[in-house]
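Raw contents of final30.cif, mmCIF, C-alpha atoms and all ligand atoms:
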data_protein
loop_
_atom_site.label_atom_id
_atom_site.label_comp_id
_atom_site.auth_asym_id
_atom_site.auth_seq_id
_atom_site.Cartn_x
_atom_site.Cartn_y
_atom_site.Cartn_z
CA MET A 1 8.71 -49.72 267.09
CA GLN A 2 11.91 -48.05 268.31
CA GLN A 3 14.11 -46.59 265.57
CA THR A 4 17.38 -48.37 264.86
CA TRP A 5 20.10 -45.98 263.78
CA ASP A 6 22.63 -47.11 261.23
CA VAL A 7 25.26 -45.43 263.39
CA ILE A 8 25.24 -43.68 266.74
CA ILE A 9 28.18 -41.35 267.27
CA VAL A 10 28.98 -40.66 270.91
CA GLY A 11 30.51 -37.17 271.01
CA GLY A 12 29.94 -34.22 268.71
CA GLY A 13 33.38 -32.57 268.64
CA SER A 14 35.71 -32.31 265.64
CA ALA A 15 35.99 -36.10 265.31
CA GLY A 16 32.32 -36.97 265.78
CA LEU A 17 30.96 -34.24 263.48
CA SER A 18 33.48 -35.12 260.75
CA ALA A 19 32.34 -38.74 260.88
CA ALA A 20 28.71 -37.64 260.74
CA LEU A 21 29.48 -35.64 257.60
CA MET A 22 30.81 -38.70 255.77
CA LEU A 23 27.94 -40.89 256.96
CA GLY A 24 25.29 -38.26 256.21
CA ARG A 25 26.65 -37.91 252.69
CA SER A 26 26.28 -41.71 252.38
CA ARG A 27 22.57 -41.41 253.25
CA ARG A 28 23.03 -43.20 256.57
CA ARG A 29 20.66 -42.63 259.48
CA VAL A 30 23.04 -41.20 262.05
CA LEU A 31 22.52 -39.94 265.56
CA VAL A 32 25.19 -37.69 267.08
CA LEU A 33 24.80 -37.73 270.84
CA ASP A 34 26.79 -34.98 272.50
CA GLU A 35 27.31 -33.78 276.03
CA GLY A 36 28.59 -30.45 274.63
CA ARG A 37 31.90 -30.12 276.50
CA PRO A 38 34.65 -30.15 273.82
CA ARG A 39 38.14 -30.27 275.30
CA ASN A 40 39.20 -26.88 273.90
CA ARG A 41 36.09 -25.03 275.11
CA PHE A 42 38.34 -23.02 277.46
CA ALA A 43 40.32 -21.50 274.59
CA GLY A 44 39.31 -18.23 272.93
CA HIS A 45 41.30 -19.07 269.83
CA MET A 46 42.40 -22.25 268.12
CA HIS A 47 45.63 -22.52 266.15
CA GLY A 48 47.32 -24.83 263.67
CA VAL A 49 44.04 -25.61 261.92
CA LEU A 50 44.46 -24.79 258.25
CA GLY A 51 41.86 -22.32 257.05
CA ARG A 52 40.70 -21.63 260.63
CA ASP A 53 43.92 -20.49 262.33
CA HIS A 54 43.32 -18.08 265.24
CA SER A 55 39.56 -18.57 265.18
CA SER A 56 37.08 -19.69 267.82
CA PRO A 57 37.01 -23.47 268.38
CA LEU A 58 33.33 -23.29 269.29
CA ALA A 59 32.54 -21.43 266.04
CA LEU A 60 34.12 -24.32 264.10
CA LEU A 61 31.72 -26.75 265.76
CA ASP A 62 28.76 -24.39 265.22
CA ASP A 63 29.63 -24.27 261.51
CA GLY A 64 30.01 -28.06 261.40
CA ARG A 65 26.60 -28.58 262.97
CA ALA A 66 25.05 -26.11 260.51
CA GLU A 67 26.65 -27.93 257.56
CA LEU A 68 25.22 -31.24 258.79
CA GLY A 69 21.76 -29.69 258.53
CA ARG A 70 22.00 -30.30 254.77
CA TYR A 71 21.85 -34.07 255.32
CA ASP A 72 18.44 -35.28 256.41
CA GLY A 73 19.77 -38.61 257.72
CA VAL A 74 21.78 -36.88 260.45
CA THR A 75 20.21 -36.04 263.80
CA LEU A 76 22.05 -34.09 266.48
CA ARG A 77 20.91 -34.26 270.07
CA SER A 78 22.32 -33.60 273.50
CA GLY A 79 22.74 -36.42 275.95
CA VAL A 80 25.31 -38.50 277.80
CA ALA A 81 26.04 -42.14 276.98
CA VAL A 82 27.05 -44.31 279.92
CA GLY A 83 27.45 -47.79 278.45
CA ALA A 84 26.65 -50.14 275.60
CA GLU A 85 26.08 -53.82 274.93
CA ALA A 86 26.19 -56.00 271.86
CA ALA A 87 22.71 -57.09 270.80
CA ASP A 88 21.22 -59.39 268.18
CA ASP A 89 18.48 -58.36 265.83
CA VAL A 90 18.59 -54.66 266.60
CA ALA A 91 17.32 -53.84 263.13
CA PRO A 92 14.24 -55.93 262.40
CA ASP A 93 12.72 -53.01 260.50
CA ALA A 94 15.86 -51.92 258.67
CA HIS A 95 16.79 -52.63 255.07
CA ALA A 96 19.30 -55.25 256.20
CA PRO A 97 18.91 -57.55 259.19
CA ALA A 98 21.76 -56.85 261.53
CA SER A 99 23.28 -57.42 264.88
CA GLY A 100 24.33 -54.27 266.62
CA PHE A 101 24.31 -52.51 269.95
CA THR A 102 22.14 -51.02 272.63
CA LEU A 103 23.41 -47.73 274.02
CA ASP A 104 22.40 -46.60 277.49
CA LEU A 105 22.05 -42.92 278.31
CA ALA A 106 22.47 -41.27 281.69
CA ASP A 107 18.74 -40.44 281.79
CA GLY A 108 17.81 -44.13 281.48
CA GLU A 109 16.90 -44.10 277.79
CA ARG A 110 18.16 -47.01 275.67
CA LEU A 111 18.95 -46.53 271.96
CA LEU A 112 19.65 -49.05 269.20
CA ALA A 113 22.29 -48.89 266.50
CA ARG A 114 23.90 -51.17 263.94
CA ARG A 115 27.31 -49.58 264.52
CA LEU A 116 28.87 -47.37 267.21
CA LEU A 117 31.50 -44.68 266.85
CA VAL A 118 32.91 -43.33 270.09
CA ALA A 119 34.39 -39.84 269.67
CA SER A 120 33.98 -38.59 273.20
CA GLY A 121 37.38 -36.94 273.68
CA LEU A 122 39.34 -36.77 276.90
CA THR A 123 39.45 -34.87 280.17
CA ASP A 124 42.57 -32.96 281.17
CA VAL A 125 43.13 -33.68 284.85
CA LEU A 126 45.13 -30.63 285.89
CA PRO A 127 47.93 -30.67 288.46
CA ASP A 128 46.56 -29.66 291.83
CA VAL A 129 47.86 -26.09 291.88
CA PRO A 130 45.49 -23.36 293.14
CA GLY A 131 44.67 -20.84 290.40
CA LEU A 132 45.74 -23.07 287.49
CA ALA A 133 42.23 -24.17 286.46
CA GLU A 134 41.09 -20.53 286.21
CA GLN A 135 43.88 -19.88 283.68
CA TRP A 136 43.30 -23.01 281.58
CA GLY A 137 43.06 -21.98 277.91
CA ARG A 138 43.65 -18.29 278.81
CA GLY A 139 47.14 -18.06 280.34
CA ALA A 140 47.90 -21.76 280.87
CA PHE A 141 48.13 -24.30 278.09
CA VAL A 142 49.14 -27.85 277.23
CA CYS A 143 50.35 -27.76 273.62
CA PRO A 144 53.24 -25.62 272.30
CA TYR A 145 52.03 -26.13 268.73
CA CYS A 146 48.55 -24.84 269.64
CA ASP A 147 49.47 -21.89 271.85
CA GLY A 148 53.26 -21.48 271.84
CA TRP A 149 53.51 -18.89 269.08
CA GLU A 150 51.37 -16.44 271.09
CA ALA A 151 53.97 -16.68 273.89
CA ARG A 152 56.97 -16.04 271.62
CA ASP A 153 59.68 -13.84 273.15
CA ARG A 154 57.68 -13.67 276.39
CA GLY A 155 58.25 -15.04 279.88
CA VAL A 156 57.23 -18.71 279.83
CA ALA A 157 56.86 -21.00 282.86
CA VAL A 158 56.77 -24.75 282.34
CA LEU A 159 55.09 -26.44 285.29
CA ALA A 160 56.88 -29.77 285.33
CA THR A 161 54.90 -32.42 287.13
CA SER A 162 56.82 -35.13 285.31
CA ALA A 163 59.99 -35.43 283.28
CA ALA A 164 57.84 -35.29 280.11
CA GLN A 165 57.64 -31.52 280.50
CA VAL A 166 61.34 -31.27 279.74
CA HIS A 167 60.38 -31.84 276.12
CA GLN A 168 57.67 -29.16 276.39
CA ALA A 169 60.26 -26.72 277.76
CA GLN A 170 62.67 -27.47 274.94
CA LEU A 171 59.88 -26.89 272.39
CA MET A 172 59.06 -23.56 274.02
CA ARG A 173 62.75 -22.58 273.91
CA GLN A 174 62.31 -22.55 270.14
CA LEU A 175 59.89 -19.65 270.66
CA SER A 176 61.33 -17.68 273.55
CA ASP A 177 64.67 -17.31 275.31
CA ARG A 178 62.86 -16.61 278.60
CA VAL A 179 61.73 -20.09 279.60
CA THR A 180 61.86 -21.42 283.18
CA VAL A 181 61.02 -24.93 284.32
CA PHE A 182 59.31 -25.08 287.71
CA ALA A 183 60.11 -28.58 288.90
CA HIS A 184 56.85 -28.96 290.77
CA GLY A 185 57.07 -32.56 291.85
CA ALA A 186 59.09 -33.73 288.86
CA GLN A 187 62.35 -35.56 289.39
CA LEU A 188 64.38 -34.17 286.52
CA PRO A 189 67.16 -36.56 285.48
CA GLU A 190 70.66 -35.02 285.46
CA GLU A 191 70.90 -35.37 281.69
CA ALA A 192 67.61 -33.51 281.22
CA ARG A 193 68.72 -30.74 283.60
CA ALA A 194 71.95 -30.39 281.68
CA GLY A 195 70.04 -30.13 278.40
CA LEU A 196 67.80 -27.41 279.81
CA LEU A 197 70.67 -25.37 281.23
CA ALA A 198 72.70 -25.80 278.03
CA ARG A 199 69.96 -24.00 276.07
CA GLY A 200 69.56 -21.20 278.65
CA ILE A 201 66.37 -22.57 280.22
CA GLY A 202 66.08 -21.71 283.92
CA ILE A 203 65.23 -24.34 286.54
CA GLU A 204 63.30 -23.41 289.70
CA ASP A 205 63.37 -26.18 292.29
CA ARG A 206 61.35 -24.43 294.99
CA ALA A 207 57.79 -25.78 295.30
CA VAL A 208 54.95 -23.91 293.57
CA ALA A 209 52.15 -22.68 295.89
CA ALA A 210 49.74 -21.04 293.40
CA VAL A 211 49.19 -19.45 290.03
CA ILE A 212 48.31 -15.80 290.53
CA ALA A 213 46.18 -13.43 288.48
CA ASP A 214 45.62 -9.68 288.38
CA GLU A 215 42.32 -8.03 289.33
CA ALA A 216 40.93 -8.60 285.83
CA GLY A 217 41.75 -12.31 286.08
CA ALA A 218 44.70 -12.21 283.66
CA LEU A 219 47.73 -14.37 284.45
CA ARG A 220 50.34 -12.50 286.53
CA GLY A 221 52.74 -15.18 287.63
CA ILE A 222 53.56 -18.00 290.00
CA ARG A 223 53.83 -17.83 293.79
CA LEU A 224 56.33 -20.18 295.37
CA ASP A 225 55.93 -21.89 298.73
CA ASP A 226 58.26 -19.38 300.39
CA GLY A 227 56.08 -16.46 299.19
CA THR A 228 58.31 -15.38 296.30
CA GLU A 229 56.32 -14.22 293.26
CA VAL A 230 57.74 -14.88 289.81
CA ALA A 231 56.16 -12.90 286.96
CA THR A 232 55.24 -14.94 283.89
CA ASP A 233 53.26 -14.35 280.69
CA ALA A 234 52.26 -17.94 279.92
CA ILE A 235 52.31 -21.30 281.66
CA PHE A 236 52.64 -24.68 279.96
CA ALA A 237 51.59 -27.69 282.04
CA GLY A 238 51.17 -31.43 281.64
CA PRO A 239 47.69 -32.54 282.75
CA GLU A 240 46.94 -36.26 283.06
CA PRO A 241 44.93 -37.23 279.98
CA GLU A 242 41.87 -39.28 280.96
CA PRO A 243 39.83 -40.67 278.04
CA ASN A 244 36.05 -40.13 278.27
CA ASP A 245 35.54 -43.82 277.55
CA PRO A 246 32.81 -45.43 279.71
CA VAL A 247 31.14 -46.73 276.54
CA LEU A 248 34.36 -48.32 275.25
CA ARG A 249 35.09 -49.80 278.68
CA SER A 250 31.62 -51.29 278.96
CA LEU A 251 32.26 -53.04 275.63
CA THR A 252 35.70 -54.16 276.88
CA VAL A 253 37.61 -52.89 273.85
CA ASP A 254 41.36 -53.45 274.02
CA ARG A 255 43.28 -50.56 275.58
CA ALA A 256 46.97 -49.81 275.97
CA ALA A 257 49.03 -47.46 278.12
CA HIS A 258 49.97 -44.29 276.23
CA PRO A 259 53.47 -42.76 276.67
CA MET A 260 51.79 -39.43 277.54
CA GLY A 261 49.80 -41.08 280.33
CA GLY A 262 46.47 -42.86 280.66
CA GLU A 263 45.14 -45.99 278.95
CA PHE A 264 43.59 -45.46 275.53
CA ALA A 265 41.54 -47.64 273.19
CA VAL A 266 43.64 -49.34 270.54
CA VAL A 267 42.38 -48.61 267.01
CA ASP A 268 43.61 -49.34 263.49
CA ALA A 269 44.21 -46.67 260.84
CA MET A 270 40.46 -46.51 260.13
CA GLY A 271 39.45 -46.26 263.79
CA ARG A 272 38.32 -49.87 264.18
CA THR A 273 38.56 -51.15 267.78
CA SER A 274 39.06 -54.77 268.88
CA VAL A 275 35.25 -55.20 269.11
CA PRO A 276 33.61 -55.72 265.70
CA GLY A 277 31.14 -52.95 264.92
CA VAL A 278 32.72 -50.46 267.32
CA TRP A 279 34.93 -47.62 266.11
CA ALA A 280 36.67 -44.82 268.02
CA ALA A 281 38.29 -41.59 266.82
CA GLY A 282 39.96 -38.42 268.08
CA ASN A 283 41.23 -37.69 271.56
CA VAL A 284 39.45 -40.71 273.08
CA THR A 285 42.05 -42.84 271.27
CA ASP A 286 45.11 -40.57 271.47
CA PRO A 287 45.93 -37.64 273.79
CA ARG A 288 48.09 -36.04 271.09
CA SER A 289 45.15 -35.59 268.74
CA SER A 290 44.81 -31.99 267.60
CA VAL A 291 41.70 -30.64 265.84
CA PRO A 292 42.98 -31.50 262.32
CA TYR A 293 43.93 -34.99 263.48
CA ALA A 294 40.53 -35.49 265.13
CA MET A 295 38.78 -34.34 261.96
CA ALA A 296 40.85 -36.72 259.81
CA ALA A 297 40.33 -39.66 262.18
CA GLY A 298 36.57 -39.01 262.37
CA SER A 299 36.31 -38.68 258.62
CA MET A 300 38.20 -41.96 258.05
CA ALA A 301 36.08 -43.78 260.62
CA GLY A 302 32.87 -42.46 259.05
CA ALA A 303 33.90 -43.77 255.64
CA ALA A 304 35.04 -47.10 257.09
CA ILE A 305 31.77 -47.62 258.95
CA ASN A 306 29.78 -46.90 255.80
CA ALA A 307 31.93 -49.44 253.89
CA ASP A 308 31.34 -52.01 256.65
CA LEU A 309 27.58 -51.48 256.45
CA VAL A 310 27.67 -51.80 252.66
CA GLU A 311 29.49 -55.14 252.99
CA GLU A 312 26.83 -56.34 255.41
CA GLU A 313 24.11 -55.27 252.99
CA VAL A 314 25.79 -57.15 250.13
CA ARG A 315 25.87 -60.31 252.28
CA ALA A 316 22.21 -59.83 253.15
CA ALA A 317 21.29 -59.32 249.49
CA LEU A 318 23.16 -62.49 248.49
CA ALA A 319 21.46 -64.49 251.22
CA ALA A 320 17.98 -63.30 250.30
CA PRO A 321 15.74 -65.58 248.16
CA SER A 322 16.37 -65.00 244.46
CA GLY A 323 14.71 -61.92 243.03
CA ARG A 324 13.65 -60.58 246.40
CA GLU A 325 14.86 -57.13 247.25
CA VAL A 326 16.22 -56.51 250.76
C1 LIG A 401 43.18 -25.45 276.31
C2 LIG A 401 43.27 -26.23 275.02
C3 LIG A 401 43.56 -25.60 273.83
C4 LIG A 401 43.63 -26.32 272.65
N1 LIG A 401 43.96 -25.66 271.51
C5 LIG A 401 44.04 -26.33 270.36
C6 LIG A 401 44.43 -25.65 269.16
O1 LIG A 401 44.68 -24.44 269.17
N2 LIG A 401 44.51 -26.38 268.01
C7 LIG A 401 44.25 -27.72 267.98
O2 LIG A 401 44.33 -28.32 266.90
N3 LIG A 401 43.90 -28.39 269.10
C8 LIG A 401 43.79 -27.73 270.28
N4 LIG A 401 43.45 -28.40 271.43
C9 LIG A 401 43.14 -29.84 271.34
C10 LIG A 401 41.66 -30.05 270.92
O3 LIG A 401 40.84 -29.63 271.98
C11 LIG A 401 41.40 -31.51 270.59
O4 LIG A 401 42.33 -31.94 269.62
C12 LIG A 401 40.00 -31.74 270.02
O5 LIG A 401 39.04 -31.15 270.85
C13 LIG A 401 39.74 -33.24 269.88
O6 LIG A 401 38.49 -33.43 269.27
P1 LIG A 401 37.57 -34.67 269.69
O7 LIG A 401 36.39 -34.60 268.77
O8 LIG A 401 38.36 -35.91 269.76
O9 LIG A 401 37.11 -34.36 271.20
P2 LIG A 401 36.29 -33.14 271.77
O10 LIG A 401 36.45 -31.92 270.95
O11 LIG A 401 36.68 -33.03 273.22
O12 LIG A 401 34.77 -33.59 271.65
C14 LIG A 401 34.25 -34.66 272.40
C15 LIG A 401 32.76 -34.40 272.64
O13 LIG A 401 32.18 -35.59 273.21
C16 LIG A 401 31.36 -35.21 274.31
N5 LIG A 401 31.24 -36.38 275.24
C17 LIG A 401 32.15 -36.84 276.11
N6 LIG A 401 31.68 -37.92 276.76
C18 LIG A 401 30.42 -38.12 276.27
C19 LIG A 401 29.40 -39.07 276.56
N7 LIG A 401 29.60 -40.06 277.46
N8 LIG A 401 28.23 -38.98 275.91
C20 LIG A 401 28.01 -37.99 275.00
N9 LIG A 401 28.95 -37.06 274.68
C21 LIG A 401 30.14 -37.13 275.31
C22 LIG A 401 32.11 -34.04 274.93
O14 LIG A 401 31.28 -33.31 275.81
C23 LIG A 401 32.52 -33.28 273.67
O15 LIG A 401 31.51 -32.41 273.22
C24 LIG A 401 43.38 -27.72 272.65
C25 LIG A 401 43.11 -28.37 273.86
C26 LIG A 401 43.05 -27.64 275.04
C27 LIG A 401 42.78 -28.35 276.33
#
As structure tokens, how would this structure be written, given the file I've shared?
Ligand SMILES: Cc1cc2nc3c(=O)[nH]c(=O)nc-3n(C[C@H](O)[C@H](O)[C@H](O)COP(=O)(O)OP(=O)(O)OC[C@H]3O[C@@H](n4cnc5c(N)ncnc54)[C@H](O)[C@@H]3O)c2cc1C
Amino acid sequence: MQQTWDVIIVGGGSAGLSAALMLGRSRRRVLVLDEGRPRNRFAGHMHGVLGRDHSSPLALLDDGRAELGRYDGVTLRSGVAVGAEAADDVAPDAHAPASGFTLDLADGERLLARRLLVASGLTDVLPDVPGLAEQWGRGAFVCPYCDGWEARDRGVAVLATSAAQVHQAQLMRQLSDRVTVFAHGAQLPEEARAGLLARGIGIEDRAVAAVIADEAGALRGIRLDDGTEVATDAIFAGPEPEPNDPVLRSLTVDRAAHPMGGEFAVVDAMGRTSVPGVWAAGNVTDPRSSVPYAMAAGSMAGAAINADLVEEEVRAALAAPSGREV
């Protein structure tokens, strides 16, 4: 008979592995299904993560996976989930009868679980500027708190594809007095322009043609449409955040537009979605989620799912004929 997992976690990044840790420590049978493409895989170093500042983001996940090896209920495997459905009686062989979910994988396999946690992150859809993708995580970044300090006192270009990057530029002005906003498609309101100029931030209105690198591939600057080259040491950009949420969509969880762009699943403080039995945590729920936030959200969701399963098991025990163990 096919195994029914107590919990399947879709995504093995900071959020998913943190949830698995809580569930593994609660002796739950947990499957972490991971495609292996964490959002920050482009970055050599991660910052703002207490105890791990300026360390490799991939090493953090390696360490997390190794730690989970202590808990025999936790299984890690690679794979891609494409959709899920609510199902009755998914756990006829489990210690508590339960409704739950089927989870479909890209290779056609179908798995069963009593609860689902979706921690599949998001995809940064970069502005269509030649050369930008090659610099992503090396010379071009999204988050001043993650990578701003390394650009302190240096030449900083903010590639403004929307007015939201005005805020990014003002944050970077805290770190360098050599910040220029390249208004690449952004209509900057007069008030925002005045605020930039008032703090000594340059504004370049000519269109950007490409991001340019030296022979070793290191960021050199920005080429404008008219051929002018502007040297820069770091670029901050505003990609469109697109949640990796086919599983949540297939379950029709409630979503809402996020001020930073995109539509994201709505969750409560514990990561509970609008669909009973389905949780979500990390960047798939919020584009602002940093690694510490994703870890906290995953950890909370893991504990909440365990508590939910315990409640179900109490109900099952109460419903069982007197004296019979379930
Ligand atoms: C360039 C860059 C630098 C960054 N630097 C920092 C930093 O210095 N400090 C910091 O705190 N934050 C940083 N961040 C943000 C950080 O990447 C995120 O906060 C963090 O990765 C969110 O964790 P998560 O677990 O929600 O998602 P992720 O880490 O993205 O993990 C999601 C996992 O789910 C997998 N997945 C997706 N879809 C499926 C599916 N259908 N089936 C199975 N698996 C799936 C993915 O492949 C991935 O392995 C940076 C981001 C970028 C882009």
- Near Ala183 in chain A, counting all atoms listed in the file, which residues have an atom at most 12 Å away, once you skip same-chain residues fewer than 4 positions from it, shown as number ranges by chain? A: 157-166, 169, 187-189, 192-193, 196, 202-208, 224, 237-238
Could you save the residues just selected, with C-alpha atoms, as a compact mmCIF listing (two decimals), in the frame of the given file?
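Result file follows (part_0.txt):
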# COMPACT_ATOMS: atom_id res chain seq x y z
CA ALA A 157 56.86 -21.00 282.86
CA VAL A 158 56.77 -24.75 282.34
CA LEU A 159 55.09 -26.44 285.29
CA ALA A 160 56.88 -29.77 285.33
CA THR A 161 54.90 -32.42 287.13
CA SER A 162 56.82 -35.13 285.31
CA ALA A 163 59.99 -35.43 283.28
CA ALA A 164 57.84 -35.29 280.11
CA GLN A 165 57.64 -31.52 280.50
CA VAL A 166 61.34 -31.27 279.74
CA ALA A 169 60.26 -26.72 277.76
CA GLN A 187 62.35 -35.56 289.39
CA LEU A 188 64.38 -34.17 286.52
CA PRO A 189 67.16 -36.56 285.48
CA ALA A 192 67.61 -33.51 281.22
CA ARG A 193 68.72 -30.74 283.60
CA LEU A 196 67.80 -27.41 279.81
CA GLY A 202 66.08 -21.71 283.92
CA ILE A 203 65.23 -24.34 286.54
CA GLU A 204 63.30 -23.41 289.70
CA ASP A 205 63.37 -26.18 292.29
CA ARG A 206 61.35 -24.43 294.99
CA ALA A 207 57.79 -25.78 295.30
CA VAL A 208 54.95 -23.91 293.57
CA LEU A 224 56.33 -20.18 295.37
CA ALA A 237 51.59 -27.69 282.04
CA GLY A 238 51.17 -31.43 281.64
Interface rows for chain A against ligand LIG 401 (chain A): nearest pair, Å to one decimal, 7 Å, all atoms listed in the file, as JSON lines:
{"residue": "A:Val10", "atom": "CA", "partner": "A:LIG401", "partner_atom": "C20", "distance": 5.0}
{"residue": "A:Gly11", "atom": "CA", "partner": "A:LIG401", "partner_atom": "O13", "distance": 3.2}
{"residue": "A:Gly12", "atom": "CA", "partner": "A:LIG401", "partner_atom": "C15", "distance": 4.8}
{"residue": "A:Gly13", "atom": "CA", "partner": "A:LIG401", "partner_atom": "O12", "distance": 3.5}
{"residue": "A:Ser14", "atom": "CA", "partner": "A:LIG401", "partner_atom": "O7", "distance": 3.9}
{"residue": "A:Ala15", "atom": "CA", "partner": "A:LIG401", "partner_atom": "O7", "distance": 3.8}
{"residue": "A:Gly16", "atom": "CA", "partner": "A:LIG401", "partner_atom": "O7", "distance": 5.6}
{"residue": "A:Leu33", "atom": "CA", "partner": "A:LIG401", "partner_atom": "C20", "distance": 5.3}
{"residue": "A:Asp34", "atom": "CA", "partner": "A:LIG401", "partner_atom": "N9", "distance": 3.7}
{"residue": "A:Glu35", "atom": "CA", "partner": "A:LIG401", "partner_atom": "N9", "distance": 3.9}
{"residue": "A:Gly36", "atom": "CA", "partner": "A:LIG401", "partner_atom": "O15", "distance": 3.8}
{"residue": "A:Arg37", "atom": "CA", "partner": "A:LIG401", "partner_atom": "O14", "distance": 3.3}
{"residue": "A:Pro38", "atom": "CA", "partner": "A:LIG401", "partner_atom": "O11", "distance": 3.6}
{"residue": "A:Arg39", "atom": "CA", "partner": "A:LIG401", "partner_atom": "O11", "distance": 3.8}
{"residue": "A:Asn40", "atom": "CA", "partner": "A:LIG401", "partner_atom": "O3", "distance": 3.7}
{"residue": "A:Phe42", "atom": "CA", "partner": "A:LIG401", "partner_atom": "C1", "distance": 5.5}
{"residue": "A:Ala43", "atom": "CA", "partner": "A:LIG401", "partner_atom": "C1", "distance": 5.2}
{"residue": "A:His45", "atom": "CA", "partner": "A:LIG401", "partner_atom": "O1", "distance": 6.4}
{"residue": "A:Met46", "atom": "CA", "partner": "A:LIG401", "partner_atom": "O1", "distance": 3.3}
{"residue": "A:His47", "atom": "CA", "partner": "A:LIG401", "partner_atom": "O1", "distance": 3.7}
{"residue": "A:Gly48", "atom": "CA", "partner": "A:LIG401", "partner_atom": "N2", "distance": 5.4}
{"residue": "A:Val49", "atom": "CA", "partner": "A:LIG401", "partner_atom": "O2", "distance": 5.7}
{"residue": "A:Gly79", "atom": "CA", "partner": "A:LIG401", "partner_atom": "C20", "distance": 5.6}
{"residue": "A:Val80", "atom": "CA", "partner": "A:LIG401", "partner_atom": "N8", "distance": 3.5}
{"residue": "A:Ala81", "atom": "CA", "partner": "A:LIG401", "partner_atom": "N8", "distance": 4.0}
{"residue": "A:Val82", "atom": "CA", "partner": "A:LIG401", "partner_atom": "N7", "distance": 5.5}
{"residue": "A:Ala119", "atom": "CA", "partner": "A:LIG401", "partner_atom": "O8", "distance": 5.6}
{"residue": "A:Ser120", "atom": "CA", "partner": "A:LIG401", "partner_atom": "O13", "distance": 3.5}
{"residue": "A:Gly121", "atom": "CA", "partner": "A:LIG401", "partner_atom": "O9", "distance": 3.6}
{"residue": "A:Leu122", "atom": "CA", "partner": "A:LIG401", "partner_atom": "O11", "distance": 5.9}
{"residue": "A:Asp124", "atom": "CA", "partner": "A:LIG401", "partner_atom": "C27", "distance": 6.7}
{"residue": "A:Trp136", "atom": "CA", "partner": "A:LIG401", "partner_atom": "C1", "distance": 5.8}
{"residue": "A:Gly137", "atom": "CA", "partner": "A:LIG401", "partner_atom": "C1", "distance": 3.8}
{"residue": "A:Phe141", "atom": "CA", "partner": "A:LIG401", "partner_atom": "C1", "distance": 5.4}
{"residue": "A:Val142", "atom": "CA", "partner": "A:LIG401", "partner_atom": "C27", "distance": 6.4}
{"residue": "A:Cys143", "atom": "CA", "partner": "A:LIG401", "partner_atom": "C4", "distance": 6.9}
{"residue": "A:Cys146", "atom": "CA", "partner": "A:LIG401", "partner_atom": "O1", "distance": 3.9}
{"residue": "A:Asp147", "atom": "CA", "partner": "A:LIG401", "partner_atom": "O1", "distance": 6.1}
{"residue": "A:Asn244", "atom": "CA", "partner": "A:LIG401", "partner_atom": "N6", "distance": 5.1}
{"residue": "A:Pro246", "atom": "CA", "partner": "A:LIG401", "partner_atom": "N7", "distance": 6.6}
{"residue": "A:Val247", "atom": "CA", "partner": "A:LIG401", "partner_atom": "N7", "distance": 6.9}
{"residue": "A:Ala281", "atom": "CA", "partner": "A:LIG401", "partner_atom": "O8", "distance": 6.4}
{"residue": "A:Gly282", "atom": "CA", "partner": "A:LIG401", "partner_atom": "O8", "distance": 3.4}
{"residue": "A:Asn283", "atom": "CA", "partner": "A:LIG401", "partner_atom": "O8", "distance": 3.8}
{"residue": "A:Val284", "atom": "CA", "partner": "A:LIG401", "partner_atom": "O8", "distance": 5.9}
{"residue": "A:Ser289", "atom": "CA", "partner": "A:LIG401", "partner_atom": "O4", "distance": 4.7}
{"residue": "A:Ser290", "atom": "CA", "partner": "A:LIG401", "partner_atom": "O4", "distance": 3.2}
{"residue": "A:Val291", "atom": "CA", "partner": "A:LIG401", "partner_atom": "O2", "distance": 3.7}
{"residue": "A:Pro292", "atom": "CA", "partner": "A:LIG401", "partner_atom": "O2", "distance": 5.7}
{"residue": "A:Ala294", "atom": "CA", "partner": "A:LIG401", "partner_atom": "O6", "distance": 5.1}
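In this model, the gap between CA of Gly195 in chain A and CA of Phe182 in chain A comes to 15.1 Å.
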- range 57-72 of chain A environment, 8 Å, all atoms listed in the file, sequence neighbours closer than 2 positions dropped, as a ChimeraX atom specification: /A:13-14,17-18,20-21,24-25,27,40-41,43-46,52,55,74-76
Residues from the last selection, C-alpha atoms, saved as a PDB file, in the frame of the given file:
ATOM      1  CA  GLY A  13      33.380 -32.570 268.640  1.00  0.00           C
ATOM      2  CA  SER A  14      35.710 -32.310 265.640  1.00  0.00           C
ATOM      3  CA  LEU A  17      30.960 -34.240 263.480  1.00  0.00           C
ATOM      4  CA  SER A  18      33.480 -35.120 260.750  1.00  0.00           C
ATOM      5  CA  ALA A  20      28.710 -37.640 260.740  1.00  0.00           C
ATOM      6  CA  LEU A  21      29.480 -35.640 257.600  1.00  0.00           C
ATOM      7  CA  GLY A  24      25.290 -38.260 256.210  1.00  0.00           C
ATOM      8  CA  ARG A  25      26.650 -37.910 252.690  1.00  0.00           C
ATOM      9  CA  ARG A  27      22.570 -41.410 253.250  1.00  0.00           C
ATOM     10  CA  ASN A  40      39.200 -26.880 273.900  1.00  0.00           C
ATOM     11  CA  ARG A  41      36.090 -25.030 275.110  1.00  0.00           C
ATOM     12  CA  ALA A  43      40.320 -21.500 274.590  1.00  0.00           C
ATOM     13  CA  GLY A  44      39.310 -18.230 272.930  1.00  0.00           C
ATOM     14  CA  HIS A  45      41.300 -19.070 269.830  1.00  0.00           C
ATOM     15  CA  MET A  46      42.400 -22.250 268.120  1.00  0.00           C
ATOM     16  CA  ARG A  52      40.700 -21.630 260.630  1.00  0.00           C
ATOM     17  CA  SER A  55      39.560 -18.570 265.180  1.00  0.00           C
ATOM     18  CA  VAL A  74      21.780 -36.880 260.450  1.00  0.00           C
ATOM     19  CA  THR A  75      20.210 -36.040 263.800  1.00  0.00           C
ATOM     20  CA  LEU A  76      22.050 -34.090 266.480  1.00  0.00           C
TER      21      LEU A  76
END
